[in-house]
Amino acid sequence: MSKRIDNMTNKAARYQQTNVVDHLASQFVLGTLTPLVRLRVISLCKHNEALENRINFWQEKLVVIDHKTVKLPPHDDSWSVITQALGMEADVNLETIKVDPLQNVKQSFLSKVTNWWSDNIFSSPVFSVPTYRLSAAFSLVVLVMATLIVNPFSNSAEQLSYVAVLTDQKGSAHLVASTYGDSKKLVVNVINIPDIDIEQSLELWVVSKTDAQARSLGVIPQGKSLIEQQLTQAQWRLIKDSESLIVTMEEAGGSPIGEPSEMIVSRGLCVRLQEWDINA
Amino acid sequence: MDTIAKVTVVNMHNGLKEAQTSMDLPSIEKLSDNSEDVLIELLAQCKLGDTRAFSILYQKTAGRLNGIAYRITRQVESANEVLQEAFIQIWQNRDLFEADKGKAFTWLASIVRYRAYDRLRYDKRRHQHDTVEFNEFELLETHLDEITLQSESIGLGEHSEQALNSCLSKLEKKQSQSILMAYMYGYSREDISSYFETPVNTIKSWIRRGLRRLQLCLSE
């Protein structure tokens, strides 16, 4: 125990060293750090004033280049996308052209996960029909097998409400997430998730249909094949509004900034089971 | 700042008289400049939850910030998406801006820049899986021409510009080019390594040494 505390103290002391601070700050501003290290730096800044000051130093010195950058007028609909996402549409009018206000925001974050997945799974010309439907169908095929074989709650009298089969880029199932409407429980069956080292965690996120933002459902505990979690009312509302679930690699304990890292490990569309029954 | 009139706004909402200090937003909206003082005032109003100030902030800075996003992503669509995400973040994190720690435009531009780097990395990973070949080196050639121009002529009068220009010119050419390739266009160390056909560790060393010298020079 004391050895571990010593290690932590040594690590903390290391981030106070001028050369380490200088290196991290300059590379952070230059954008050359790996995503994990970058997240670490953001986290460290909360308690390391020297690091924060050094980052500010570099930002102020190099921003000259940004001042010199040629302007590019934004799309006419950008403002309405922003205000819609922030729920302030009624208050602020920039006299912009009204188009589908969510279109671009949906494309922004959702395109990351959707394209990441569909580009790989459905890259064949055979799949020229909308990939959303195909991916949903694919999820359901796996879902039927996975929930019947793996999910001990499958015989429960309680009705499943939403399910998502999260797969990696190659289509291998990582886990199945199911929610039960009556009890508002989330059950996660871990099928095959990648090994991670001690300084990392896998975090589960729900991506909203409405504003395309990802919100955390928590860190996935290591070494467990079945996880059950009672959802809060707020989390349940997120599930009801969910487009998909994603799992990202984060530093130990979860994302320090409340946003998913760009290292998406797996992803799956949320399917409302009753709808599937009706459509089947 | 003289042109920014301070007025008392009486908020009759909910039947309460709630006095608060505010600026005259119509006046500030008409100002053609987006000076630091103006941006600080607008961000201060944003902190109070003033969505009108937020819209003026957008009007005054979106073009410049979108230009930065485009400089890095090189895709108009991606740049616009980065801008949208950045402004959502700006509003959500408006309480984090501290005028005594850095300039307003620097804060705004940094949010856009870091989001654009993320977007670029993501787009690049997607391109790696595309069947259509992505001619990255053609882009690099174009960028390097711009970087050479930039590193030769950043200074156009202002002290900070002259300082950066002067300090960059004191670096070895490959050091300054590597630093600008990363900052301006979001190239990773691996990208720069490919361009110069030099091991990544050498690139790291160029950047590290270049930054160290740059820091010393800029701190003088």
# chains A, B, ... in the order shown; residues from 1 in each chain; ligands from 1
>>> closest_atom_pairs(of="chain B", to="chain A", cutoff="7 Å", atoms="only C-alpha atoms", output="JSON lines")
{"residue": "B:Thr51", "atom": "CA", "partner": "A:Val92", "partner_atom": "CA", "distance": 6.5}
{"residue": "B:Arg52", "atom": "CA", "partner": "A:Val92", "partner_atom": "CA", "distance": 6.2}
{"residue": "B:Ser55", "atom": "CA", "partner": "A:Val92", "partner_atom": "CA", "distance": 6.9}
{"residue": "B:Ala62", "atom": "CA", "partner": "A:Pro74", "partner_atom": "CA", "distance": 6.6}
{"residue": "B:Gly63", "atom": "CA", "partner": "A:Pro73", "partner_atom": "CA", "distance": 4.5}
{"residue": "B:Arg64", "atom": "CA", "partner": "A:Lys71", "partner_atom": "CA", "distance": 4.4}
{"residue": "B:Asn66", "atom": "CA", "partner": "A:Leu72", "partner_atom": "CA", "distance": 5.5}
{"residue": "B:Gly67", "atom": "CA", "partner": "A:Leu72", "partner_atom": "CA", "distance": 4.5}
{"residue": "B:Ile68", "atom": "CA", "partner": "A:Thr69", "partner_atom": "CA", "distance": 6.3}
{"residue": "B:Asn80", "atom": "CA", "partner": "A:Pro74", "partner_atom": "CA", "distance": 6.1}
{"residue": "B:Glu81", "atom": "CA", "partner": "A:Ser108", "partner_atom": "CA", "distance": 5.6}
{"residue": "B:Gln84", "atom": "CA", "partner": "A:Ile82", "partner_atom": "CA", "distance": 5.7}
{"residue": "B:Phe87", "atom": "CA", "partner": "A:Ile82", "partner_atom": "CA", "distance": 6.8}
{"residue": "B:Ile88", "atom": "CA", "partner": "A:Ile82", "partner_atom": "CA", "distance": 6.0}
{"residue": "B:Gly102", "atom": "CA", "partner": "A:Asn56", "partner_atom": "CA", "distance": 6.3}
{"residue": "B:Thr106", "atom": "CA", "partner": "A:Val63", "partner_atom": "CA", "distance": 6.1}
{"residue": "B:Tyr114", "atom": "CA", "partner": "A:Gly31", "partner_atom": "CA", "distance": 7.0}
{"residue": "B:Tyr117", "atom": "CA", "partner": "A:Gly31", "partner_atom": "CA", "distance": 6.7}
{"residue": "B:Arg126", "atom": "CA", "partner": "A:Trp116", "partner_atom": "CA", "distance": 6.7}
{"residue": "B:Glu161", "atom": "CA", "partner": "A:Val64", "partner_atom": "CA", "distance": 6.0}
{"residue": "B:Ala182", "atom": "CA", "partner": "A:Leu30", "partner_atom": "CA", "distance": 5.9}
{"residue": "B:Tyr183", "atom": "CA", "partner": "A:Leu30", "partner_atom": "CA", "distance": 4.8}
{"residue": "B:Gly186", "atom": "CA", "partner": "A:Gly31", "partner_atom": "CA", "distance": 6.6}
{"residue": "B:Ser188", "atom": "CA", "partner": "A:Thr32", "partner_atom": "CA", "distance": 5.7}
{"residue": "B:Arg189", "atom": "CA", "partner": "A:Thr32", "partner_atom": "CA", "distance": 6.6}
>>> atom_distance(atom1="atom CA of Leu245 of chain A", atom2="atom CA of Val112 of chain B")
25.9 Å
>>> residues_around(residues="segment 173-181 of chain B", least_positions_apart="2", cutoff="6 Å", atoms="only C-alpha atoms", output="PyMOL selection string")
chain B and resi 168+171+183-185+187+206-207+210
>>> write_last_selection(atoms="N, CA and C atoms", output="PDB file, in the first residue's frame")
ATOM      1  N   LEU B 168      11.025  32.147 -34.885  1.00  0.00           N
ATOM      2  CA  LEU B 168      10.941  30.999 -35.802  1.00  0.00           C
ATOM      3  C   LEU B 168      12.098  31.009 -36.787  1.00  0.00           C
ATOM      4  N   LEU B 171      15.307  29.281 -35.780  1.00  0.00           N
ATOM      5  CA  LEU B 171      15.358  27.816 -35.673  1.00  0.00           C
ATOM      6  C   LEU B 171      15.902  27.227 -36.961  1.00  0.00           C
ATOM      7  N   TYR B 183       1.157  22.576 -35.840  1.00  0.00           N
ATOM      8  CA  TYR B 183       0.218  23.577 -35.303  1.00  0.00           C
ATOM      9  C   TYR B 183      -0.791  24.034 -36.348  1.00  0.00           C
ATOM     10  N   MET B 184      -0.290  24.365 -37.516  1.00  0.00           N
ATOM     11  CA  MET B 184      -1.177  24.960 -38.523  1.00  0.00           C
ATOM     12  C   MET B 184      -2.093  23.949 -39.182  1.00  0.00           C
ATOM     13  N   TYR B 185      -1.574  22.768 -39.448  1.00  0.00           N
ATOM     14  CA  TYR B 185      -2.350  21.810 -40.235  1.00  0.00           C
ATOM     15  C   TYR B 185      -2.620  20.501 -39.514  1.00  0.00           C
ATOM     16  N   TYR B 187      -0.696  18.111 -38.505  1.00  0.00           N
ATOM     17  CA  TYR B 187       0.031  16.898 -38.881  1.00  0.00           C
ATOM     18  C   TYR B 187       0.628  16.228 -37.650  1.00  0.00           C
ATOM     19  N   TRP B 206      13.486  16.973 -33.354  1.00  0.00           N
ATOM     20  CA  TRP B 206      13.442  18.293 -34.009  1.00  0.00           C
ATOM     21  C   TRP B 206      12.425  19.181 -33.317  1.00  0.00           C
ATOM     22  N   ILE B 207      11.245  18.626 -33.116  1.00  0.00           N
ATOM     23  CA  ILE B 207      10.170  19.438 -32.517  1.00  0.00           C
ATOM     24  C   ILE B 207      10.530  19.835 -31.095  1.00  0.00           C
ATOM     25  N   GLY B 210      13.306  22.354 -31.192  1.00  0.00           N
ATOM     26  CA  GLY B 210      12.776  23.594 -31.775  1.00  0.00           C
ATOM     27  C   GLY B 210      11.917  24.352 -30.783  1.00  0.00           C
TER      28      GLY B 210
END
>>> residues_around(residues="Gly258 of chain A", least_positions_apart="2", cutoff="10 Å", atoms="only C-alpha atoms", output="PyMOL selection string")
chain A and resi 214-216+254-256+260-261
>>> write_last_selection(atoms="C-alpha atoms", output="PDB file, in the first residue's frame")
ATOM      1  CA  ALA A 214     -22.662  11.307 -25.831  1.00  0.00           C
ATOM      2  CA  ARG A 215     -23.330  10.939 -22.113  1.00  0.00           C
ATOM      3  CA  SER A 216     -21.743   8.464 -19.796  1.00  0.00           C
ATOM      4  CA  GLY A 254     -13.297   7.157 -16.836  1.00  0.00           C
ATOM      5  CA  SER A 255     -13.144  10.262 -18.946  1.00  0.00           C
ATOM      6  CA  PRO A 256     -11.881  13.193 -16.888  1.00  0.00           C
ATOM      7  CA  PRO A 260     -15.769  10.270 -24.784  1.00  0.00           C
ATOM      8  CA  SER A 261     -12.266   9.983 -26.169  1.00  0.00           C
TER       9      SER A 261
END
>>> closest_residue(among="B:Lys101, B:Ile40, B:Asn201, B:Trp107", to="Ala50 of chain A", atoms="only C-alpha atoms")
B:Lys101
